[in-house]
Each structure stands twice: as structure tokens, then as C-alpha cells.
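S.K.: I have a structure I would like to understand better, so I am pasting it below and will then ask my questions one at a time.
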Amino acid sequence: MTRDELLALIDQAEREEWTELDLSGRGLTKLPPEIGRLTNLIELNLHNNRLTKLPPEVGNLTKLEILTTDSFLLSKPEGEINQFSELPEEIINLKRLKSLSMIGNQLGKIPDSILAIESLKHLNLYSNSLDTIPHQIVKLKNLESLALGDNEIKVLPKSLFMLPKLKTLNLGDGGGGNPIKLIPDGIENLANLERLFVYYLDIFTLPETIGNLRKLTHLGISGNSSLVELPVELGQLKSLDYIDAHSLPSIRFPPSDIIDLGTPAIKNFLDAVRIGSKHIWESKCLLIGEGGVGKTTLFEVLNGRPYDEYESGTVGIEIGALKLSHPKKEAITMRLNCWDFAGQDFNHAMHQFFFSSRALFLLVWNARHGWQQGKLYRWLENIKVRAPEAKVILVATHTDQPHSDYPAADLQAKYPQIVDTIEVSSKTGDNIPELRHLIQTHAADLPLMGLRWPQTWLDAANAVRAKCQSGQKHASRREVINVIKEHDLNEEECGILMRWLHELGDILHFDDEPEMRGRVILDPEWLTQHIGIVLRSDEVQQQNGILTRQHLDKLWEDLDDFLRDHFLRMMDKFDLAYLIPDDTQDRSLIVERLPLDPPDYTTQWQEFEDRGNEISLRFKLGSMQPGIPTWFIARCHRFTMNTHWLNGVLFKDEDDRHRALVIADDQQDTVQMTVRGPFPQRFMSLLRDGFRDTLKRYKGLEVVRKVPCPGGYNDLIEGPCSHEFDLDNLEKWIVKRPEADEVVCPFCGDSFSRLLLVEGIGAASLTQELTEQRIIEVIREESQLTRLHVDAQIINLIKYHERNFLRAFYLEQDREMVTCPNLFTIRQVPKRGVVKKQEWHIQLYCQQPGAWHPVGEPYIIEEQKEWFTKSLPYLKTLLKVLSVVAPLANAALAITDVVGDKVQVARDQHTTFENEVKMMSELLKGTKVVTELERPFAERIHDQPERSTFRKAEGAELVPIRELMDQLAEIDEQQGRPKWAGLTRRQTPEGDILWLDQEHLQEYLSKRKPVPQPEDFE
């Protein structure tokens, strides 16, 4: 706004006696003195200009009640915003001023002129350059809200707490706080305070006197990185209904478990502590490392017992107490529940389920044998992944014997969890006292050490412990909760207490695992001993890792049938064992007892060397974690050829038309997958996703996917090209250059189709020139082997496209979007007897891989044009996939020799399928997708569904699909039919979600014999 325009506006405001003037965002650099003529103004808004001072004439606005000079950098670049560093003395004349807001300016102090305006009720000086609060603040007797966040204030004067009408005090919010280290006593004098915001300060705690603020309703404390504890007095504030407590990394009391439950839980816990409490000096310590390094001996020596050279090794996990005096508090004895883990390889997979970020780890290794043999990197990676916030002490044993150095500095740099390293000798006692001191120091800082437990919680915990002491080994979750509830804890608090008892080592309870949360193990050592018996069984090892029901009954003869089944399913859930599906003998695969040496698989693998194509994928891991690849072998055991070993497996697909060789290399930290057969892409995608799902268990594990160059002979190395493409980088490059069809190998110089590298579809694939008619002609002309080859290729190509569509959908959706079928066709038909009215016929489909087919009768609904418009992006993608699957299914039926009812039913279903797709195409005629359907089939067969169609950010496109399915469900309910034609949701071992009819659903249901459960077994 120009000066002339502004003066004209001021003239108009004066003539018309305006009471409000909004000059915000006008780019003003100077406010003219003529502003003083607007003596009727009640509100003046100068927000987001370029002003640096106000003219003295502003003091003439004696009726002014609201003055705003805010600046926001987010909306304007720096230099184009208000930058007030002072105010004119004449501002003192604004005797009626009630609200002054100067957010984002450059005030270095609160002007005395402001402090003299007793009428002020609201003062907002957020984000200035203030470093002090003057004592004269006490003059603002009518002040109701004061905002001073995002400044440089260090000390709060007592006069701040002498504002009798103050209702809101903001010393910091989400935009920034102040370097205030202490909120002093006196805050209780703000008797009318309702809202207190102290975000992003440097405070250690809040004053106890805050409990006297009886009218406080909101308390904001988020972002205080130094805040360690809250006063128990907060719990008695009945009016306090909201505590914003996020991003508190140092909080110890109440524990983060309680904080995460929200305001009611925080208040309940604090009030219970106020009524009666006790400090509990107890936590968990885990001794881990390879077998034979001296963990058990070390534990005994730390406990003051004599060195025993012939100490027997640990079986499974043993639990004992280590008592230590507190390093800073006299007369305080700390108790560490020490878990001594067996170090043999077959026990490693059990360790992770007992790891906790609230525990102290002693990683023990034999210095005489060397740090490499101690596999320190592997153990540290496992801790990093499973307990990222835990503290680790590296303990080298046997240092009384000759030994070499180890890279302590390098290890500590890579793994900051290592808080100390030490070399000891259990035999001579060297450095054992020093180790005890280190353990004392770090144990004292563990999150649960010294926690104030409400007496009611402590009584409840002791009641649970008493059950174990009485000889009871296990109980139902409901039984334990009922015991806890007798001490006045609610359901949520019961869950927290059970978690603490689990982390302290008193019980084992996996509340996050639905299949196991119903049973609480009151004696963890009892459970681990039983599991250890199975893992150490010679008979299981002799049977290549197979555990029979008969042998299990013998090993666990002291357990009831339901407990045997529960323990076995617990091992299955954690992939220590795998319940072989559809096995009438109820056998299981004990993955950690697989043979170390591979069997002779050469013949079975080479049988497929000339049966089509071969594709490979290599996973480079940050470290080879325990359970890789054995858990993956267990997960994909349905593809077994009974040719498996500790580091590898040979798989076959359902029809034995493809073979897969998976080999893990401990030295290189890699897992190599190679698939052979007519159309290996689909089998590779199943295995790849199964392995990815396994890797999800290792949070933080670095994974790089590599694809070998398919180039031929390379003169430089006198052999096949050894270059590997980084698949993640390759996919990013393709996104940036979608027009690029080929990729050049930087090593051998050959160029390849990007589909060959990313999806394994190359020139050798018959599908490059594939048409529906061509498939049939090849079958008629060629031999039976060719028939089988093409038949396998077609079926797998169908499954491949079906799966790609479903994966593209489900990868981008939250679970609520997976609660209804998503595969259907829609066609338009005239409504009988009604002129120019249309109906839609909606046909649902079973998603059985390789056999999508219609289920039930079509639904008939009235045309809904608005719904159609919203759903068009989804319908386009759906039709593109159906247009590929339908011709392939037709070709598959064309080469089928078998005749009979099932084949005829399949052909009838396909006829319906093909007709529905054609009519759906008619409905979408004129849209871009129909034009694309006119492209050659050989091109469309390689199309990939675009995940952008399904992205959460564009989730509005999927809401209508859910609405349509709800409408169909209402029709089913009205007509008394099964919901959605009986389709049922089922998740496959690879994580795919399928909607299946009842016949195909049976293939995915367990056929193992059910085990009777006790009435209280949840």
C-alpha cells in the first residue's frame, strides 16, 4: 500500500468514525502521524508489515483496546516483517488497552510504558529477544494471560507470581521455550491460574507447590529434555484434565509407560504414590556371549563365590540375583536379576525375546580366543536392533592367559550403547572389584532402578510373585489381572505392572502377541528350561530338525496337553519352531537344530537348469542376525523339499514347476536367492516378500538388495560379469527417468531392459511376444514339454499380475482399508420399465491366486454418478489388471486336456469373468484406460499397477470403495444372504491379504488337531 493510499484510508476512517482498522499484510514500512486522528479506534491490526516503530501520535488513540503488531516468518521472508525493538513512551496514554500482541518482533526488554498500563488483560510477547522479566510486571494487576515463549529468559522473578487474576501463563510452547532451569516456589500464589505452558525449558522438575493450583485445567510440559520427574502433588488436582507430556527423553518418574497412557493414568499413579510408596532398587541384567567364554563363572565370582574351573555350562537360561551397594546412596542395596544365557548357537534365537532397553547387558568374550571368535559385532548388532537404548559393558575374560588386543575404540564409536569396557580374570580375581563398580554405576541409572512404586502396586506385584513362590508355574492373564485388581489397579494399570514384572524378570508375558497374551509364565526359568530341552535334543538333530509329537510328549511329559501346545505355539510365534501345516502327525520343524553342513542338493537343483529362466536377488545385511535364514526357512516351509540346513534351503513351488535355492553366507553377511523355471518372477516375489517380512523383526538392520548383472562373458575378468546393481538405487533412477527403457552395466558395458533387472523379465522370456492366440498355436504345434513349459508360464504369469495388483493396494493402506473386498467388476444395464434410468451390476470375485473367479450372484444397485466419478482412478487400475488376467486365464483353459465337471465349471466361470470385464470396459469407454487397453497384449502384459493410485495421501479415492462394500453388505443383510457372498479375509504367510470363498479358504486354514484348553485359558 502506498503512502497516499494509506492516508486516504485514514481520512475515510476518520470521517466514518471507524472503531476497527485492519492494516495487516499491506507491506507498510512507516505508519504516518495522521494515525493519531483516529480517536474512535478500538482495535488496530498491524500484523505482518515491515514496520520498525510506531509514531508518538499513537498515544492519541485513547479508546484503543486491542493492538496487534505480530510478525510470522512462515508467511513472509525475513526483512519483510515487523521488527519493533521499542515502543514510544506515549503508549502509556492507552489507558483502555486490554490486549497487546507483539509476536515475532525484536523487543530486548518489556518497555516500562507497557508495564504502566494497568488495564492490560492479555500480553503476548512470544518470540522476541527478551532475557529478563522486570519486577514491575507486578503492576499489571488485571493481567489474565501472559505469553513469553521463545525468548532468552533465564530466571523467573517472584513478582511474576503476584498477578492475582492471571489465568494463562505461557513460558514456552511448540514453537520454542526459554533457558529457564527452575520454576521457583511461589507459583502457588497464582490462585486463578487455569493454563500453564512450560514447553521446551531446561527444568529438572516442577515445584511441589504446583499442587496448590486448584483451578489448573491444562498443563503443557512437552519438549523438556532435562525433565526427570513430576511432583506427586499433581495427582491431587481434580480440575486438571489435560497434561501434554510428549518428547520427554529423560523422564524417570513417572515412567514413560505411565506418561504414554495419558492424563488420567499420570494423575492416578502420582496420587497413589503420594498416598503411600516405596523405592524399589531392582532391575535386570543380561549376561550374553558365545558358549564357553565364562559367563556363569563370572556371575558366581561377582557374587563372591569361589572360582570353579569345572563349572558346567548353562542350559537355556538361568536366573539369579546379584546384590550391589548403590554408588551414591548409603545404606541402599540394589538387586540385579541376572539372566545367564547359554551361548550355544541354537540358544541365540531365544535371547532376543528377553532383551530389554531397560536392562544392563554384560557382553562377555574370551580374550584368549580373540574378539573375532567372540563374535562381538554380531552380538552388538543384535542388541542394537532388539534393545537400542540399552547399556552394554564389554567384558573380556581369561586375561590371566596370553591374549591380543581388540579394537575397543572402534567398537565404541560404532556402538554408542557400549558404556564401558574391561578385562578381567575370574580365576585370579583381576579387575573383578572394578567390574563390580562399573556394574554398580550403570545399574544405578537404569530406568526402573530406584523407582517409587505406589504401595498398592507393590502389594499387587508381591501377590503375583507369591503365586510363583507357592509353586504355581503359570496362570491365565485374566487370573493375574484379577489378583492385581484386588489392589485397586484398573485394567490399563494391570497391563503396565505386568510389563514391569516381565522386564524385571519376575514373569514372562508377551502382551503384544495376541496368541500368547492369554497366558502368564510365573516362573520364566521353568519355561526356558523346557524350551532348552527341545533345542538340545539329539533326536531332533538326527531328524534334521524335525520334532515329532511322540518325541515332544516324551520331552515334556510333565506338562498338560494344552501347555505343550501353548509352549509349541510360543516357539512357533517366535520362529524357534514351525508347526508344519496339514501334517497329520503334528510334526514341527525346530529351525535351530537344522544340520550345519548342507546335504547333497546338486541333482535336485540341476534338474531345472534348462527349464526356462533363472533370476537372482542378493540381500546384503548390516550383520547376520541370529535366526537368519532359519526363521525364513520356517516361514516358507510349505515349499519344502526336505532339503534344508542351517544356512540354506532348496524350495519348490506348489506345482514343482520352479525351484529356489537360498543360501546365507555368515562371512559376507549376505542371503542369496536364485529361482529357476518357466516364469520364476512369481515364485521369487513370494520368497522375497517372505524374507522381507522376516527382516521386519530386526528394527534398524541395514539391508541392501543387489541384482547380479545378467551380462555374458567379460574379457577383463575372463568370465561372467561380476557387477551387481543396487536395486534400491536402480528403482530410484527409474522413477527419475521413466522414459529410459534400458540400463547399461558400468562394468561390462552391456545394456539390459530395466524390467529384466527390476522384475527379472528379460529377452529369454517367452512372454515378450506373447498373445492369447500365439499361446494356443504354440501348444498345438509343439511337444508336451513345451505345453508344460507354457502352461506353467501362463499360470504363474496370472498369479504374478494378480499379486502385483494386491500388493500395490495393500502396501499403501492402513489396516482399516483392508476390511472389505476390493476385487469386483461393474457394468451398466438399463433399468426395466423406467425411461433413461440405469442400474449397475456389481460382481465380487474370489482372490485365489491363479484362479480369480466370480462368487455369488451380481448385486443390483441404482446408478450413482457421483460415486462413479470419485472411484474412477481405482476402477481404471482395476480394469487394467483384469484385462491382462482374463486373456491369460482363457489361454490356460484352452490348453487343458482334462475334461469333467470341474473344468466345465471353470470354463463357465471364466466366460462370466471375461464378459464382465468387457462390459466394464464399455462403462469406462472414453477414459484413458480404455485407450491403453487397445495397446498390444504383449506390451500390456508387462504393465505394473501404479502405487500412486492407492497412496494414503490420495485415500479419498478409496473411501467410495469402502462405501460401496458397506452398501453391498446391507443388501446381504436385508436378503438374509452371507455377507459379501461368503468371502472371508485371510492373510498368507507372505503377508498377502486375500478375500476367498469358502472352498479356497480351506487351503489356508490349519488342519492340525485342536488341543482342548482349560476354561480360563485366554
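We name chains A, B, ... following the order of the C-alpha cells; residues begin at 1 in each chain, and ligands are numbered from 1 as shown.
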Show me, as a short mmCIF file (atom, residue, chain, number, x, y, z; two decimals) with C-alpha atoms, in the first residue's frame, the residues that have an atom within 12 Å of stretch 597-609 of chain A when counting only C-alpha atoms, minus same-chain residues fewer than 3 positions from it.
M.R.:
data_model
loop_
_atom_site.label_atom_id
_atom_site.label_comp_id
_atom_site.auth_asym_id
_atom_site.auth_seq_id
_atom_site.Cartn_x
_atom_site.Cartn_y
_atom_site.Cartn_z
CA ASN A 544 17.27 -82.84 10.52
CA ARG A 593 18.57 -77.76 15.11
CA LEU A 594 18.95 -77.88 11.37
CA GLY A 612 13.34 -71.88 -18.70
CA ASN A 613 14.78 -68.85 -16.95
CA GLU A 614 16.86 -68.07 -13.90
CA ILE A 615 16.74 -64.91 -11.79
CA MET A 641 11.72 -80.38 -0.44
CA ASN A 642 13.09 -81.63 2.89
CA THR A 643 16.45 -80.32 1.74
CA HIS A 644 17.46 -77.76 4.30
CA TRP A 645 20.35 -76.93 6.58
CA LEU A 646 21.38 -74.19 8.98
CA ASN A 647 22.39 -71.70 6.29
CA GLY A 648 20.32 -72.71 3.31
CA VAL A 649 17.34 -74.43 1.76
CA LEU A 650 16.08 -75.77 -1.55
CA PHE A 651 12.42 -74.93 -2.20
CA LYS A 652 9.87 -75.83 -4.86
CA ASP A 656 7.03 -78.21 -8.57
CA ARG A 657 7.50 -76.20 -11.74
CA HIS A 658 10.04 -73.90 -10.14
CA ARG A 659 12.94 -74.44 -7.77
CA ALA A 660 14.57 -71.89 -5.47
CA LEU A 661 17.97 -72.07 -3.82
CA VAL A 662 18.50 -69.82 -0.80
CA ILE A 663 21.95 -69.63 0.80
CA ALA A 664 23.16 -67.43 3.66
CA THR A 674 18.04 -67.91 -7.07
CA VAL A 675 14.87 -69.18 -8.78
CA ARG A 676 14.69 -71.38 -11.88
CA GLY A 677 11.72 -72.31 -14.02
CA PRO A 678 9.45 -71.18 -16.88
CA PRO A 680 10.39 -67.52 -11.96
CA HIS A 789 6.51 -75.01 -20.06
#
S.K.: Could you give me, as an MDAnalysis selection string, the residues within 7 Å of stretch 180-191 of chain A, counting only C-alpha atoms and dropping anything in the same chain fewer than 6 positions from it?
M.R.: chainID A and resid 153:156 158 161:164 166 201:204 206:207 209:210 212:213
S.K.: Residues within 8 Å of stretch 355-360 of chain A, please, as an mmCIF file with all heavy atoms, in the first residue's frame. Count only C-alpha atoms; anything in the same chain fewer than 4 positions from it doesn't count.
M.R.:
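Saved as around.cif:
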data_model
loop_
_atom_site.group_PDB
_atom_site.id
_atom_site.type_symbol
_atom_site.label_atom_id
_atom_site.label_comp_id
_atom_site.auth_asym_id
_atom_site.auth_seq_id
_atom_site.Cartn_x
_atom_site.Cartn_y
_atom_site.Cartn_z
ATOM 1 N N SER A 283 16.472 -54.198 39.142
ATOM 2 C CA SER A 283 16.433 -54.150 37.680
ATOM 3 C C SER A 283 16.973 -55.449 37.112
ATOM 4 O O SER A 283 17.251 -56.394 37.850
ATOM 5 C CB SER A 283 17.220 -52.946 37.137
ATOM 6 O OG SER A 283 16.409 -51.794 37.071
ATOM 7 N N LYS A 284 17.165 -55.451 35.804
ATOM 8 C CA LYS A 284 17.511 -56.673 35.080
ATOM 9 C C LYS A 284 18.886 -56.527 34.434
ATOM 10 O O LYS A 284 19.228 -55.478 33.884
ATOM 11 C CB LYS A 284 16.448 -56.928 34.008
ATOM 12 C CG LYS A 284 16.544 -58.228 33.245
ATOM 13 C CD LYS A 284 15.328 -58.308 32.327
ATOM 14 C CE LYS A 284 15.273 -59.561 31.506
ATOM 15 N NZ LYS A 284 14.070 -59.592 30.647
ATOM 16 N N CYS A 285 19.678 -57.590 34.507
ATOM 17 C CA CYS A 285 20.993 -57.637 33.870
ATOM 18 C C CYS A 285 21.082 -58.925 33.063
ATOM 19 O O CYS A 285 20.660 -59.992 33.532
ATOM 20 C CB CYS A 285 22.089 -57.599 34.936
ATOM 21 S SG CYS A 285 23.766 -57.721 34.276
ATOM 22 N N LEU A 286 21.591 -58.827 31.837
ATOM 23 C CA LEU A 286 21.695 -59.991 30.969
ATOM 24 C C LEU A 286 23.153 -60.283 30.651
ATOM 25 O O LEU A 286 23.880 -59.391 30.183
ATOM 26 C CB LEU A 286 20.918 -59.773 29.672
ATOM 27 C CG LEU A 286 19.406 -59.577 29.814
ATOM 28 C CD1 LEU A 286 19.070 -58.104 29.898
ATOM 29 C CD2 LEU A 286 18.657 -60.199 28.653
ATOM 30 N N HIS A 351 17.444 -65.494 22.795
ATOM 31 C CA HIS A 351 17.889 -64.325 23.560
ATOM 32 C C HIS A 351 17.022 -63.099 23.328
ATOM 33 O O HIS A 351 16.651 -62.393 24.256
ATOM 34 C CB HIS A 351 19.336 -63.976 23.199
ATOM 35 C CG HIS A 351 20.314 -65.045 23.590
ATOM 36 N ND1 HIS A 351 21.641 -64.987 23.259
ATOM 37 C CD2 HIS A 351 20.159 -66.205 24.278
ATOM 38 C CE1 HIS A 351 22.264 -66.054 23.735
ATOM 39 N NE2 HIS A 351 21.379 -66.810 24.348
ATOM 40 N N ILE A 383 21.944 -56.521 19.821
ATOM 41 C CA ILE A 383 21.473 -55.613 20.873
ATOM 42 C C ILE A 383 20.984 -54.309 20.258
ATOM 43 O O ILE A 383 19.947 -53.766 20.662
ATOM 44 C CB ILE A 383 22.602 -55.344 21.887
ATOM 45 C CG1 ILE A 383 23.014 -56.635 22.585
ATOM 46 C CG2 ILE A 383 22.155 -54.304 22.917
ATOM 47 C CD1 ILE A 383 24.248 -56.492 23.450
ATOM 48 N N ARG A 386 17.534 -55.079 18.773
ATOM 49 C CA ARG A 386 16.480 -55.532 19.681
ATOM 50 C C ARG A 386 16.305 -54.667 20.919
ATOM 51 O O ARG A 386 15.204 -54.607 21.466
ATOM 52 C CB ARG A 386 16.771 -56.969 20.118
ATOM 53 C CG ARG A 386 16.756 -57.973 18.974
ATOM 54 C CD ARG A 386 15.381 -58.069 18.374
ATOM 55 N NE ARG A 386 15.316 -59.039 17.307
ATOM 56 C CZ ARG A 386 14.232 -59.290 16.585
ATOM 57 N NH1 ARG A 386 13.127 -58.620 16.828
ATOM 58 N NH2 ARG A 386 14.246 -60.171 15.626
ATOM 59 N N ALA A 387 17.360 -54.015 21.369
ATOM 60 C CA ALA A 387 17.279 -53.172 22.570
ATOM 61 C C ALA A 387 18.124 -51.932 22.351
ATOM 62 O O ALA A 387 19.176 -51.755 22.974
ATOM 63 C CB ALA A 387 17.745 -53.956 23.798
ATOM 64 N N PRO A 388 17.700 -51.054 21.455
ATOM 65 C CA PRO A 388 18.557 -49.948 21.009
ATOM 66 C C PRO A 388 18.959 -48.961 22.093
ATOM 67 O O PRO A 388 19.957 -48.265 21.935
ATOM 68 C CB PRO A 388 17.706 -49.270 19.922
ATOM 69 C CG PRO A 388 16.301 -49.684 20.201
ATOM 70 C CD PRO A 388 16.387 -51.048 20.785
ATOM 71 N N GLU A 389 18.219 -48.885 23.183
ATOM 72 C CA GLU A 389 18.545 -47.906 24.222
ATOM 73 C C GLU A 389 19.241 -48.531 25.424
ATOM 74 O O GLU A 389 19.498 -47.854 26.425
ATOM 75 C CB GLU A 389 17.270 -47.197 24.674
ATOM 76 C CG GLU A 389 16.573 -46.433 23.553
ATOM 77 C CD GLU A 389 15.243 -45.848 23.986
ATOM 78 O OE1 GLU A 389 14.966 -45.879 25.205
ATOM 79 O OE2 GLU A 389 14.495 -45.372 23.126
ATOM 80 N N ALA A 390 19.574 -49.809 25.330
ATOM 81 C CA ALA A 390 20.192 -50.499 26.459
ATOM 82 C C ALA A 390 21.657 -50.091 26.632
ATOM 83 O O ALA A 390 22.298 -49.587 25.710
ATOM 84 C CB ALA A 390 20.091 -52.009 26.258
ATOM 85 N N LYS A 391 22.181 -50.315 27.837
ATOM 86 C CA LYS A 391 23.588 -50.064 28.133
ATOM 87 C C LYS A 391 24.349 -51.387 28.101
ATOM 88 O O LYS A 391 23.855 -52.404 28.592
ATOM 89 C CB LYS A 391 23.736 -49.409 29.505
ATOM 90 C CG LYS A 391 23.095 -48.033 29.597
ATOM 91 C CD LYS A 391 23.321 -47.425 30.968
ATOM 92 C CE LYS A 391 22.735 -46.019 31.051
ATOM 93 N NZ LYS A 391 22.980 -45.392 32.371
ATOM 94 N N VAL A 392 25.574 -51.335 27.538
ATOM 95 C CA VAL A 392 26.370 -52.547 27.361
ATOM 96 C C VAL A 392 27.751 -52.337 27.963
ATOM 97 O O VAL A 392 28.410 -51.314 27.714
ATOM 98 C CB VAL A 392 26.522 -52.910 25.869
ATOM 99 C CG1 VAL A 392 27.326 -54.195 25.708
ATOM 100 C CG2 VAL A 392 25.157 -53.046 25.207
ATOM 101 N N ILE A 393 28.196 -53.311 28.765
ATOM 102 C CA ILE A 393 29.576 -53.353 29.246
ATOM 103 C C ILE A 393 30.254 -54.535 28.570
ATOM 104 O O ILE A 393 29.774 -55.677 28.674
ATOM 105 C CB ILE A 393 29.650 -53.515 30.776
ATOM 106 C CG1 ILE A 393 28.951 -52.333 31.478
ATOM 107 C CG2 ILE A 393 31.097 -53.615 31.234
ATOM 108 C CD1 ILE A 393 28.912 -52.475 32.993
ATOM 109 N N HIS A 442 26.423 -48.147 36.466
ATOM 110 C CA HIS A 442 25.460 -48.134 35.375
ATOM 111 C C HIS A 442 24.110 -48.722 35.786
ATOM 112 O O HIS A 442 23.079 -48.303 35.258
ATOM 113 C CB HIS A 442 26.031 -48.892 34.178
ATOM 114 C CG HIS A 442 27.255 -48.241 33.611
ATOM 115 N ND1 HIS A 442 27.231 -46.971 33.073
ATOM 116 C CD2 HIS A 442 28.547 -48.659 33.538
ATOM 117 C CE1 HIS A 442 28.452 -46.638 32.674
ATOM 118 N NE2 HIS A 442 29.267 -47.643 32.943
ATOM 119 N N ALA A 443 24.108 -49.640 36.713
ATOM 120 C CA ALA A 443 22.835 -50.183 37.203
ATOM 121 C C ALA A 443 22.029 -49.117 37.924
ATOM 122 O O ALA A 443 20.794 -49.094 37.852
ATOM 123 C CB ALA A 443 23.086 -51.373 38.123
ATOM 124 N N LEU A 446 19.669 -47.257 35.589
ATOM 125 C CA LEU A 446 18.656 -47.968 34.803
ATOM 126 C C LEU A 446 17.269 -47.392 35.095
ATOM 127 O O LEU A 446 16.985 -46.965 36.221
ATOM 128 C CB LEU A 446 18.686 -49.463 35.121
ATOM 129 C CG LEU A 446 19.938 -50.221 34.654
ATOM 130 C CD1 LEU A 446 19.916 -51.657 35.145
ATOM 131 C CD2 LEU A 446 20.049 -50.185 33.134
ATOM 132 N N PRO A 447 16.391 -47.379 34.110
ATOM 133 C CA PRO A 447 15.089 -46.695 34.259
ATOM 134 C C PRO A 447 14.245 -47.180 35.426
ATOM 135 O O PRO A 447 13.552 -46.376 36.055
ATOM 136 C CB PRO A 447 14.396 -46.989 32.917
ATOM 137 C CG PRO A 447 15.510 -47.189 31.952
ATOM 138 C CD PRO A 447 16.601 -47.859 32.730
ATOM 139 N N LEU A 448 14.279 -48.478 35.725
ATOM 140 C CA LEU A 448 13.433 -48.995 36.794
ATOM 141 C C LEU A 448 14.149 -49.048 38.146
ATOM 142 O O LEU A 448 13.516 -49.335 39.157
ATOM 143 C CB LEU A 448 12.921 -50.397 36.442
ATOM 144 C CG LEU A 448 11.908 -50.479 35.303
ATOM 145 C CD1 LEU A 448 11.500 -51.922 35.033
ATOM 146 C CD2 LEU A 448 10.665 -49.639 35.594
ATOM 147 N N GLU A 503 9.857 -57.154 32.591
ATOM 148 C CA GLU A 503 11.169 -56.553 32.360
ATOM 149 C C GLU A 503 12.117 -56.777 33.532
ATOM 150 O O GLU A 503 13.341 -56.786 33.360
ATOM 151 C CB GLU A 503 11.008 -55.063 32.079
ATOM 152 C CG GLU A 503 10.333 -54.792 30.729
ATOM 153 C CD GLU A 503 10.074 -53.334 30.469
ATOM 154 O OE1 GLU A 503 10.055 -52.568 31.447
ATOM 155 O OE2 GLU A 503 9.897 -52.963 29.298
#
S.K.: I need the residue nearest A:Gly223 from this list: A:Cys494, A:Ile842, A:Ile251, A:Leu411. Use only C-alpha atoms for the distance.
M.R.: A:Ile251
S.K.: Give me, as a Markdown table, the closest atom pair and its distance (Å, one decimal) for every residue of stretch 204-255 of chain A within a cut-off of 12 Å of stretch 454-457 of chain A, counting only C-alpha atoms, rows sorted by chain and rising number.
M.R.:
| residue | atom | partner | partner_atom | distance |
| --- | --- | --- | --- | --- |
| A:Val232 | CA | A:Pro454 | CA | 10.8 |
| A:Phe253 | CA | A:Pro454 | CA | 11.7 |
| A:Pro254 | CA | A:Pro454 | CA | 10.7 |
S.K.: Determine, counting only C-alpha atoms, which protein, DNA and RNA residues have an atom within 12 Å of an atom of A:Phe868; residues of the same chain fewer than 6 positions away are not included. Present the result as a PyMOL selection string.
M.R.: chain A and resi 826-828+840+862+874-876+923-924+957-961+963-964
S.K.: Rounded to one decimal, what separation in Å do you get between atom CA of A:Phe361 and atom CA of A:Leu287?
M.R.: 6.1 Å
S.K.: Do you know which residues are at most 8 Å from stretch 57-74 of chain A counting only C-alpha atoms, after dropping those on the same chain fewer than 4 positions away, and could you put them as an NGL selection string?
M.R.: :A and (33-49 or 78 or 81-83 or 90-105)
S.K.: If you run DSSP on the backbone here, which positions in stretch 8-172 of chain A get helix (DSSP H, G or I)? Please write them as JSON, numbers by chain.
M.R.: {"A": [8, 9, 10, 11, 12, 13, 14, 15, 33, 34, 35, 36, 37, 56, 57, 58, 59, 60, 89, 90, 91, 92, 93, 112, 113, 114, 115, 135, 136, 137, 138, 139, 158, 159, 160, 161]}
